Amino acid sequence: MSPIIQDSYISMKWTSFTIVLLYALLGHSLDLNPTKLCRNIPGSQGYPDAAAWAQLNATVAGRLVDVVPSAKFCAGTCSDAQWTSALFRNTIPGAMDQPNWEQGYDLTPPSLCLRNSSNTCGQGDVPLYSVEAETVEDVQAAVKFASKYNLRLVVKSSGHDYLGRSTAPNSLLIRTTHLRNVTFTDNFFVGGKNLGSAVTVGSGVPAQTVYQEAESQGKIAVLGTAATVCLAGGYLQGGGHSALSPSFGLAADNALEFHVVVASGELLQVNSESHPDLFYALRGGGPGSWGVVISATVKTRPTFNATRIIPVFVAAKNTAAAALATVHAEHIFDFDSVHAGQYFYLLKNSTDPNAPTVFEFITYFPNNITPEQSQVLLAPFLNASLAIPGVELLSMQQTYADINSILFSPDDAVGDNEVLGSRLIPEAAYHDPTKVGEVYKELLDTGSLLILGHLVAGGQVAKNADISSAVNPAWRSAKTHLILVNQWTDSTPLSEISTIRKRFQTQQLPILEKMSGADAGSYSNEADVLEPHFQTTFFGPVSNYAKLSVIKSRYDPADLFIVGAGVGSERWDEWGLCRK
Ligand SMILES: Cc1cc2nc3c(=O)[nH]c(=O)nc-3n(C[C@H](O)[C@H](O)[C@H](O)COP(=O)(O)OP(=O)(O)OC[C@H]3O[C@@H](n4cnc5c(N)ncnc54)[C@H](O)[C@@H]3O)c2cc1C
């Protein structure tokens with residue numbers, strides 16, 4: 001019997017299950033107040049007047065601020081180093097790390113604010129105001145205000161979101177970036193049961209802080225390789241992969257508790273005993289759809305040393321790069337015995353099939369595997385790679401240190417205009433390495449320049465298949481997560497940008513599916529917001545989405561928390577401003 005059937009929620013009467021399923025599939029609203037067809041925006045009747053905003057500002061102790069796009073904030077004075085720094089961009093309430101999400105490309109007329117023309121700025125898809133929350137009460141006040149005035153509400157912690165889900169035009173933003181408490185314990189209790197060692201982090205705590213503080217405590221948590229991604233923000237709600245996932249599972253598999261302000265304004269303690277339905281949804285059900293997370297608690301383990309080895313190859317032309325991808329596929333199971341994680345990134349700067357490709361393999365050998373042991377494990381892959389005509393080793397770095405310091409990153413390089421598309425590649429696909437190489441070759445030959453691979457599944461991720469959470473079941477049979485990145489510059493014409501934004505669906509996915517199969521899912525945090533069947537691509541079987549829809553209707557009956565390609569978004573336009 002599948003876990004979904006075993007779960008207590010599905011013991012609800014079949015009648016209501018079927019109705020919700022129909023609603024979810026047909027895109028109908030569960031809101032019983034159909035009169036509110038659109039959110040209030042400036043100028044519409046019901047939009048708060050100056051006095052109401054002033055009252056909100058007083059309630060949140062002056063922490064209500066005007067929001068502008070990052071280019072307007074910079075007004076031509078930000079250096080390249082600042083523009084591309086996630087730490088710096090996090091100081092700007094309106095900034096997204098990929099500035100394309102600040103642009104209103106699809107508004108009529110388009111509303112843009114570009115770095116080199118900030119004197120002609122539109123507000124684009126950037127919120128109008130932000131509550132820079134420092135307390136639970138700030139969040140509650142903002143949620144109640146948005147609800148009372150029927151405002152478009154968005155939530156942001158770092159602004160990293162690759163689907164633009166933490167920004168929206170004409171909206172009120174709640175920024176949780178200042179919620180920075182970190183508390184470690186050896187004994188974390190849920191319902192009287194001691195679940196052991198854990199850390200509780202505020203939803204504004206960046207990954208780099210968790211790594212630093214965990215190292216000083218002699219512990220490690222499952223987290224990504226990023227400086228400023230917030231564990232208790234979107235990362236965990238999307239599922240959260242890590243170089244440590246083959247050893248310890250996804251981040252969501254390690255979550256023990258959340259504190260969340262839901263649409264009613266109530267602060268809920270959410271765990272396996274208290275609001276277990278919401279606990280299910282917050283672990284993989286997609287970020288931004290459930291409420292404002294104040295903090296999350298995840299398991300910790302004793303820290304250990306790890307070896308990181310980064311061989312970087314250059315392949316003379318596409319045929320050599322494809323052969324390298326085939327060899328990589330042949331050796332992808334070489335590290336399974338030690339649960340190594342790996343990021344394998346292919347970068348090209350020309351669409352010429354005879355231009356060189358850089359292919360780097362950032363490989364993490366956890367759990368005190370020594371450099372010598374790691375080299376032995378990596379040698380068959382390295383030797384086979386170097387035997388390929390046209391493939392050369394550019395460099396090879398090696399580090400052996402505490403895993404926290406290996407995964408710690410001082411900043412994230414951001415600031416590009418880019419969109420992603422991705423698939424979770426089933427383990428079975430790697431039993432045909434020739435096919436893997438052919439797919440890489442076709443992707444390269446048709447102009448793909450950036451292919452990011454993540455060996456972050458298998459091992460404990462597969463073994464955790466029986467955990468009842470909203471994590472996409474495709475993770476459990478996946479070996480890797482492959483991302484196609486499509487970029488453009490501020491001088492790219494709008495018509496071309498429109499084509500680039502659709503490239504994953506129109507051009508790359510049919511190629512990728514030759515390797516992944518047609519039903520492979522996708523990791524919703526690093527994916528294409530234009531996925532036409534996001535309900536199943538991101539969340540698995542239709543019954544999963546139906547279950548999430550029921551939970552949503554219970555905690556957010558008026559759809560206050562709507563994000564692109566998130567639960568309930570099928571009822572709304574692309575900005576979450578008007579019902580369809
Ligand atoms: C440089 C970089 C490295 C990355 N590395 C990894 C990785 O190793 N592993 C991995 O799994 N992913 C990784 N990601 C993807 C990452 O998981 C997502 O971008 C994730 O959405 C970031 O969450 P955030 O809260 O930091 O971002 P934000 O843009 O602030 O928010 C993302 C989403 O979460 C919601 N959200 C934010 N805060 C809250 C809150 N307090 N309450 C409720 N909802 C909230 C937002 O509404 C939005 O929907 C990486 C991204 C980047 C840019």
# chains A, B, ... in the order shown; residues from 1 in each chain; ligands from 1
>>> closest_atom_pairs(of="chain A", to="ligand 1", cutoff="7 Å", atoms="only C-alpha atoms and all ligand atoms", output="JSON lines")
{"residue": "A:Met96", "atom": "CA", "partner": "ligand 1", "partner_atom_place_in_ligand_line": "29 (O)", "distance": 7.0}
{"residue": "A:Asp97", "atom": "CA", "partner": "ligand 1", "partner_atom_place_in_ligand_line": "53 (C)", "distance": 6.9}
{"residue": "A:Val154", "atom": "CA", "partner": "ligand 1", "partner_atom_place_in_ligand_line": "47 (O)", "distance": 5.8}
{"residue": "A:Val155", "atom": "CA", "partner": "ligand 1", "partner_atom_place_in_ligand_line": "47 (O)", "distance": 4.1}
{"residue": "A:Lys156", "atom": "CA", "partner": "ligand 1", "partner_atom_place_in_ligand_line": "30 (O)", "distance": 3.7}
{"residue": "A:Ser157", "atom": "CA", "partner": "ligand 1", "partner_atom_place_in_ligand_line": "30 (O)", "distance": 3.6}
{"residue": "A:Ser158", "atom": "CA", "partner": "ligand 1", "partner_atom_place_in_ligand_line": "30 (O)", "distance": 3.8}
{"residue": "A:Gly159", "atom": "CA", "partner": "ligand 1", "partner_atom_place_in_ligand_line": "29 (O)", "distance": 3.2}
{"residue": "A:His160", "atom": "CA", "partner": "ligand 1", "partner_atom_place_in_ligand_line": "29 (O)", "distance": 3.9}
{"residue": "A:Asp161", "atom": "CA", "partner": "ligand 1", "partner_atom_place_in_ligand_line": "29 (O)", "distance": 3.6}
{"residue": "A:Tyr162", "atom": "CA", "partner": "ligand 1", "partner_atom_place_in_ligand_line": "19 (O)", "distance": 5.5}
{"residue": "A:Arg165", "atom": "CA", "partner": "ligand 1", "partner_atom_place_in_ligand_line": "49 (O)", "distance": 4.2}
{"residue": "A:Ser166", "atom": "CA", "partner": "ligand 1", "partner_atom_place_in_ligand_line": "47 (O)", "distance": 4.2}
{"residue": "A:Thr176", "atom": "CA", "partner": "ligand 1", "partner_atom_place_in_ligand_line": "41 (N)", "distance": 5.3}
{"residue": "A:Ser203", "atom": "CA", "partner": "ligand 1", "partner_atom_place_in_ligand_line": "41 (N)", "distance": 4.8}
{"residue": "A:Gly204", "atom": "CA", "partner": "ligand 1", "partner_atom_place_in_ligand_line": "41 (N)", "distance": 6.9}
{"residue": "A:Leu223", "atom": "CA", "partner": "ligand 1", "partner_atom_place_in_ligand_line": "8 (O)", "distance": 6.8}
{"residue": "A:Gly224", "atom": "CA", "partner": "ligand 1", "partner_atom_place_in_ligand_line": "8 (O)", "distance": 3.2}
{"residue": "A:Thr225", "atom": "CA", "partner": "ligand 1", "partner_atom_place_in_ligand_line": "8 (O)", "distance": 4.2}
{"residue": "A:Ala226", "atom": "CA", "partner": "ligand 1", "partner_atom_place_in_ligand_line": "3 (C)", "distance": 4.5}
{"residue": "A:Thr228", "atom": "CA", "partner": "ligand 1", "partner_atom_place_in_ligand_line": "26 (O)", "distance": 6.5}
{"residue": "A:Val229", "atom": "CA", "partner": "ligand 1", "partner_atom_place_in_ligand_line": "26 (O)", "distance": 3.7}
{"residue": "A:Cys230", "atom": "CA", "partner": "ligand 1", "partner_atom_place_in_ligand_line": "26 (O)", "distance": 3.9}
{"residue": "A:Leu231", "atom": "CA", "partner": "ligand 1", "partner_atom_place_in_ligand_line": "26 (O)", "distance": 6.9}
{"residue": "A:Ala232", "atom": "CA", "partner": "ligand 1", "partner_atom_place_in_ligand_line": "41 (N)", "distance": 6.6}
{"residue": "A:Gly233", "atom": "CA", "partner": "ligand 1", "partner_atom_place_in_ligand_line": "25 (O)", "distance": 3.5}
{"residue": "A:Gly234", "atom": "CA", "partner": "ligand 1", "partner_atom_place_in_ligand_line": "34 (O)", "distance": 3.1}
{"residue": "A:Tyr235", "atom": "CA", "partner": "ligand 1", "partner_atom_place_in_ligand_line": "17 (O)", "distance": 3.7}
{"residue": "A:Gly238", "atom": "CA", "partner": "ligand 1", "partner_atom_place_in_ligand_line": "17 (O)", "distance": 6.6}
{"residue": "A:Gly239", "atom": "CA", "partner": "ligand 1", "partner_atom_place_in_ligand_line": "11 (O)", "distance": 6.5}
{"residue": "A:Gly240", "atom": "CA", "partner": "ligand 1", "partner_atom_place_in_ligand_line": "11 (O)", "distance": 3.5}
{"residue": "A:His241", "atom": "CA", "partner": "ligand 1", "partner_atom_place_in_ligand_line": "11 (O)", "distance": 3.8}
{"residue": "A:Ser242", "atom": "CA", "partner": "ligand 1", "partner_atom_place_in_ligand_line": "8 (O)", "distance": 5.2}
{"residue": "A:Pro287", "atom": "CA", "partner": "ligand 1", "partner_atom_place_in_ligand_line": "34 (O)", "distance": 4.4}
{"residue": "A:Gly288", "atom": "CA", "partner": "ligand 1", "partner_atom_place_in_ligand_line": "47 (O)", "distance": 3.8}
{"residue": "A:Trp290", "atom": "CA", "partner": "ligand 1", "partner_atom_place_in_ligand_line": "43 (C)", "distance": 7.0}
{"residue": "A:Gly291", "atom": "CA", "partner": "ligand 1", "partner_atom_place_in_ligand_line": "43 (C)", "distance": 5.6}
{"residue": "A:Val292", "atom": "CA", "partner": "ligand 1", "partner_atom_place_in_ligand_line": "42 (N)", "distance": 3.7}
{"residue": "A:Val293", "atom": "CA", "partner": "ligand 1", "partner_atom_place_in_ligand_line": "42 (N)", "distance": 3.7}
{"residue": "A:Ile294", "atom": "CA", "partner": "ligand 1", "partner_atom_place_in_ligand_line": "41 (N)", "distance": 5.7}
{"residue": "A:Asp412", "atom": "CA", "partner": "ligand 1", "partner_atom_place_in_ligand_line": "1 (C)", "distance": 5.2}
{"residue": "A:Ala413", "atom": "CA", "partner": "ligand 1", "partner_atom_place_in_ligand_line": "1 (C)", "distance": 6.7}
{"residue": "A:Val414", "atom": "CA", "partner": "ligand 1", "partner_atom_place_in_ligand_line": "1 (C)", "distance": 6.9}
{"residue": "A:Asn525", "atom": "CA", "partner": "ligand 1", "partner_atom_place_in_ligand_line": "18 (C)", "distance": 4.9}
{"residue": "A:Glu526", "atom": "CA", "partner": "ligand 1", "partner_atom_place_in_ligand_line": "15 (C)", "distance": 5.7}
{"residue": "A:Val563", "atom": "CA", "partner": "ligand 1", "partner_atom_place_in_ligand_line": "49 (O)", "distance": 6.1}
>>> closest_residue(among="A:Asp106, A:Asp402, A:Glu134, A:Asp445", to="Lys219 (chain A)", atoms="only C-alpha atoms")
A:Asp402
>>> closest_residue(among="A:Thr489, A:Ser171, A:Asn318, A:Asn367", to="Gly415 (chain A)", atoms="only C-alpha atoms")
A:Thr489
>>> residues_around(residues="Asp125 (chain A)", least_positions_apart="6", cutoff="6 Å", atoms="only C-alpha atoms", output="PyMOL selection string")
chain A and resi 102-104+168-169
>>> write_last_selection(atoms="all heavy atoms", output="PDB file, in the first residue's frame")
ATOM      1  N   GLU A 102      12.808  40.794 -10.920  1.00  0.00           N
ATOM      2  CA  GLU A 102      12.303  42.128 -10.550  1.00  0.00           C
ATOM      3  C   GLU A 102      11.621  42.806 -11.737  1.00  0.00           C
ATOM      4  O   GLU A 102      10.938  43.816 -11.570  1.00  0.00           O
ATOM      5  CB  GLU A 102      13.463  43.001 -10.065  1.00  0.00           C
ATOM      6  CG  GLU A 102      14.171  42.476  -8.845  1.00  0.00           C
ATOM      7  CD  GLU A 102      15.368  43.352  -8.463  1.00  0.00           C
ATOM      8  OE1 GLU A 102      15.351  44.562  -8.755  1.00  0.00           O
ATOM      9  OE2 GLU A 102      16.334  42.811  -7.891  1.00  0.00           O
ATOM     10  N   GLN A 103      11.861  42.282 -12.940  1.00  0.00           N
ATOM     11  CA  GLN A 103      11.343  42.948 -14.142  1.00  0.00           C
ATOM     12  C   GLN A 103       9.906  42.525 -14.434  1.00  0.00           C
ATOM     13  O   GLN A 103       9.574  41.349 -14.316  1.00  0.00           O
ATOM     14  CB  GLN A 103      12.210  42.617 -15.371  1.00  0.00           C
ATOM     15  CG  GLN A 103      13.709  42.731 -15.151  1.00  0.00           C
ATOM     16  CD  GLN A 103      14.146  44.111 -14.701  1.00  0.00           C
ATOM     17  OE1 GLN A 103      13.445  45.112 -14.911  1.00  0.00           O
ATOM     18  NE2 GLN A 103      15.297  44.205 -14.052  1.00  0.00           N
ATOM     19  N   GLY A 104       9.113  43.497 -14.860  1.00  0.00           N
ATOM     20  CA  GLY A 104       7.741  43.182 -15.264  1.00  0.00           C
ATOM     21  C   GLY A 104       7.681  42.949 -16.761  1.00  0.00           C
ATOM     22  O   GLY A 104       7.008  43.683 -17.486  1.00  0.00           O
ATOM     23  N   ALA A 168       6.390  40.000  -6.185  1.00  0.00           N
ATOM     24  CA  ALA A 168       5.182  40.117  -7.021  1.00  0.00           C
ATOM     25  C   ALA A 168       4.820  41.591  -7.112  1.00  0.00           C
ATOM     26  O   ALA A 168       5.040  42.349  -6.166  1.00  0.00           O
ATOM     27  CB  ALA A 168       4.009  39.331  -6.427  1.00  0.00           C
ATOM     28  N   PRO A 169       4.260  42.002  -8.259  1.00  0.00           N
ATOM     29  CA  PRO A 169       3.912  43.415  -8.408  1.00  0.00           C
ATOM     30  C   PRO A 169       2.767  43.811  -7.481  1.00  0.00           C
ATOM     31  O   PRO A 169       1.914  42.987  -7.144  1.00  0.00           O
ATOM     32  CB  PRO A 169       3.484  43.519  -9.881  1.00  0.00           C
ATOM     33  CG  PRO A 169       3.110  42.143 -10.288  1.00  0.00           C
ATOM     34  CD  PRO A 169       3.924  41.210  -9.454  1.00  0.00           C
TER      35      PRO A 169
END
>>> select_by_dssp(residues="region 20-258 of chain A", states="strand (DSSP E)", output="VMD selection string")
chain A and resid 64 to 66 129 to 132 152 to 156 171 to 175 182 to 185 189 to 190 193 to 194 198 to 202 219 to 220 255 to 258
>>> residues_around(residues="Val190 (chain A)", least_positions_apart="2", cutoff="9 Å", atoms="only C-alpha atoms", output="MDAnalysis selection string")
chainID A and resid 188 192:195 256:257 271:274
>>> write_last_selection(atoms="N, CA, C and O atoms", output="short mmCIF file (atom, residue, chain, number, x, y, z; two decimals), in the first residue's frame")
data_model
loop_
_atom_site.label_atom_id
_atom_site.label_comp_id
_atom_site.auth_asym_id
_atom_site.auth_seq_id
_atom_site.Cartn_x
_atom_site.Cartn_y
_atom_site.Cartn_z
N PHE A 188 15.93 17.34 21.76
CA PHE A 188 14.77 18.06 21.24
C PHE A 188 13.54 17.18 21.38
O PHE A 188 13.52 16.04 20.89
N GLY A 192 6.69 14.82 24.01
CA GLY A 192 7.27 14.06 25.12
C GLY A 192 8.35 13.08 24.71
O GLY A 192 8.98 12.43 25.54
N LYS A 193 8.58 12.96 23.40
CA LYS A 193 9.60 12.01 22.93
C LYS A 193 10.89 12.77 22.61
O LYS A 193 10.84 13.80 21.92
N ASN A 194 11.99 12.25 23.09
CA ASN A 194 13.28 12.91 22.85
C ASN A 194 13.81 12.49 21.47
O ASN A 194 14.16 11.33 21.25
N LEU A 195 13.85 13.47 20.55
CA LEU A 195 14.33 13.18 19.19
C LEU A 195 15.81 13.47 19.04
O LEU A 195 16.36 13.41 17.93
N LEU A 256 12.19 18.51 12.06
CA LEU A 256 11.46 18.02 13.24
C LEU A 256 10.29 18.92 13.62
O LEU A 256 9.31 18.45 14.19
N GLU A 257 10.43 20.21 13.32
CA GLU A 257 9.37 21.14 13.77
C GLU A 257 9.48 22.48 13.04
O GLU A 257 10.58 22.88 12.63
N ASN A 271 4.51 20.05 14.11
CA ASN A 271 5.41 18.89 14.12
C ASN A 271 4.59 17.62 13.91
O ASN A 271 3.40 17.71 13.56
N SER A 272 5.17 16.47 14.16
CA SER A 272 4.45 15.24 13.87
C SER A 272 3.24 15.04 14.77
O SER A 272 2.35 14.24 14.46
N GLU A 273 3.19 15.75 15.89
CA GLU A 273 2.07 15.61 16.84
C GLU A 273 1.08 16.78 16.73
O GLU A 273 -0.10 16.63 16.99
N SER A 274 1.62 17.95 16.42
CA SER A 274 0.80 19.17 16.43
C SER A 274 0.67 19.66 14.98
O SER A 274 1.67 19.98 14.35
#
>>> select_by_dssp(residues="region 286-431 of chain A", states="helix (DSSP H, G or I)", output="PyMOL selection string")
chain A and resi 318-330+336-338+371-386+403-407+427-431
>>> closest_residue(among="A:Asp80, A:Asp519, A:Glu215, A:Glu496", to="Phe304 (chain A)", atoms="only C-alpha atoms")
A:Glu215
>>> residues_around(residues="Phe279 (chain A)", least_positions_apart="2", cutoff="8 Å", atoms="only C-alpha atoms", output="JSON, numbers by chain")
{"A": [257, 258, 270, 271, 272, 275, 276, 277, 281, 282, 283, 469]}
>>> residues_around(residues="Phe73 (chain A)", least_positions_apart="2", cutoff="10 Å", atoms="only C-alpha atoms", output="list in words")
Val67, Val68, Pro69, Ser70, Ala71, Ala75, Gly76, Thr77, Cys78, Ile92, Pro93, Gly94, Ala95, Arg115 and Ser118 of chain A
>>> write_last_selection(atoms="N, CA, C and O atoms", output="mmCIF file, in the first residue's frame")
data_model
loop_
_atom_site.group_PDB
_atom_site.id
_atom_site.type_symbol
_atom_site.label_atom_id
_atom_site.label_comp_id
_atom_site.auth_asym_id
_atom_site.auth_seq_id
_atom_site.Cartn_x
_atom_site.Cartn_y
_atom_site.Cartn_z
ATOM 1 N N VAL A 67 9.641 49.983 -1.000
ATOM 2 C CA VAL A 67 10.502 49.027 -1.695
ATOM 3 C C VAL A 67 10.723 49.507 -3.125
ATOM 4 O O VAL A 67 9.784 49.956 -3.780
ATOM 5 N N VAL A 68 11.969 49.412 -3.586
ATOM 6 C CA VAL A 68 12.275 49.765 -4.981
ATOM 7 C C VAL A 68 13.117 48.638 -5.594
ATOM 8 O O VAL A 68 13.757 47.874 -4.877
ATOM 9 N N PRO A 69 13.125 48.558 -6.924
ATOM 10 C CA PRO A 69 13.986 47.556 -7.580
ATOM 11 C C PRO A 69 15.456 47.806 -7.231
ATOM 12 O O PRO A 69 15.850 48.939 -6.913
ATOM 13 N N SER A 70 16.270 46.751 -7.343
ATOM 14 C CA SER A 70 17.672 46.891 -6.929
ATOM 15 C C SER A 70 18.407 47.918 -7.779
ATOM 16 O O SER A 70 19.266 48.643 -7.268
ATOM 17 N N ALA A 71 18.080 48.020 -9.078
ATOM 18 C CA ALA A 71 18.786 48.996 -9.929
ATOM 19 C C ALA A 71 18.467 50.426 -9.480
ATOM 20 O O ALA A 71 19.325 51.311 -9.498
ATOM 21 N N ALA A 75 21.006 53.082 -8.119
ATOM 22 C CA ALA A 75 21.092 54.345 -8.864
ATOM 23 C C ALA A 75 22.458 54.512 -9.530
ATOM 24 O O ALA A 75 23.075 55.589 -9.472
ATOM 25 N N GLY A 76 22.937 53.447 -10.123
ATOM 26 C CA GLY A 76 24.189 53.509 -10.866
ATOM 27 C C GLY A 76 25.437 53.522 -10.018
ATOM 28 O O GLY A 76 26.554 53.606 -10.538
ATOM 29 N N THR A 77 25.308 53.445 -8.699
ATOM 30 C CA THR A 77 26.496 53.577 -7.850
ATOM 31 C C THR A 77 27.020 52.244 -7.304
ATOM 32 O O THR A 77 28.081 52.217 -6.696
ATOM 33 N N CYS A 78 26.285 51.156 -7.483
ATOM 34 C CA CYS A 78 26.756 49.874 -6.931
ATOM 35 C C CYS A 78 27.866 49.313 -7.814
ATOM 36 O O CYS A 78 27.752 49.328 -9.045
ATOM 37 N N ILE A 92 19.038 44.864 0.351
ATOM 38 C CA ILE A 92 18.067 45.671 -0.411
ATOM 39 C C ILE A 92 16.715 44.957 -0.356
ATOM 40 O O ILE A 92 16.563 43.868 -0.930
ATOM 41 N N PRO A 93 15.711 45.518 0.314
ATOM 42 C CA PRO A 93 14.445 44.783 0.466
ATOM 43 C C PRO A 93 13.841 44.308 -0.857
ATOM 44 O O PRO A 93 13.277 43.221 -0.935
ATOM 45 N N GLY A 94 13.965 45.115 -1.929
ATOM 46 C CA GLY A 94 13.314 44.747 -3.198
ATOM 47 C C GLY A 94 14.130 43.817 -4.069
ATOM 48 O O GLY A 94 13.646 43.371 -5.107
ATOM 49 N N ALA A 95 15.374 43.527 -3.670
ATOM 50 C CA ALA A 95 16.262 42.785 -4.576
ATOM 51 C C ALA A 95 15.927 41.306 -4.623
ATOM 52 O O ALA A 95 15.650 40.678 -3.602
ATOM 53 N N ARG A 115 19.955 47.858 -14.770
ATOM 54 C CA ARG A 115 21.079 48.411 -14.011
ATOM 55 C C ARG A 115 21.644 49.678 -14.655
ATOM 56 O O ARG A 115 21.983 50.627 -13.961
ATOM 57 N N SER A 118 18.758 53.111 -14.749
ATOM 58 C CA SER A 118 17.948 53.179 -13.539
ATOM 59 C C SER A 118 17.193 54.493 -13.404
ATOM 60 O O SER A 118 16.333 54.643 -12.542
#
>>> closest_residue(among="A:Lys72, A:Ala141, A:Ala146, A:Val60", to="Pro48 (chain A)", atoms="only C-alpha atoms")
A:Ala146
>>> residues_around(residues="Val358 (chain A)", least_positions_apart="6", cutoff="7 Å", atoms="only C-alpha atoms", output="ChimeraX atom specification")
/A:313-315,346-348
>>> write_last_selection(atoms="N, CA, C and O atoms", output="short mmCIF file (atom, residue, chain, number, x, y, z; two decimals), in the first residue's frame")
data_model
loop_
_atom_site.label_atom_id
_atom_site.label_comp_id
_atom_site.auth_asym_id
_atom_site.auth_seq_id
_atom_site.Cartn_x
_atom_site.Cartn_y
_atom_site.Cartn_z
N PHE A 313 38.09 19.63 -15.97
CA PHE A 313 38.57 19.21 -17.29
C PHE A 313 38.19 20.25 -18.32
O PHE A 313 37.20 20.98 -18.15
N VAL A 314 38.94 20.26 -19.41
CA VAL A 314 38.47 20.99 -20.58
C VAL A 314 38.34 19.97 -21.70
O VAL A 314 39.22 19.13 -21.92
N ALA A 315 37.18 20.02 -22.37
CA ALA A 315 36.93 19.13 -23.51
C ALA A 315 36.99 19.99 -24.77
O ALA A 315 36.32 21.04 -24.84
N LEU A 346 28.83 21.72 -16.21
CA LEU A 346 29.37 21.90 -17.56
C LEU A 346 29.12 23.35 -17.99
O LEU A 346 27.98 23.83 -17.93
N LEU A 347 30.16 24.04 -18.41
CA LEU A 347 30.04 25.45 -18.80
C LEU A 347 30.69 25.68 -20.15
O LEU A 347 31.83 25.26 -20.38
N LYS A 348 29.96 26.37 -21.03
CA LYS A 348 30.50 26.75 -22.34
C LYS A 348 30.21 28.21 -22.55
O LYS A 348 29.21 28.73 -22.04
#
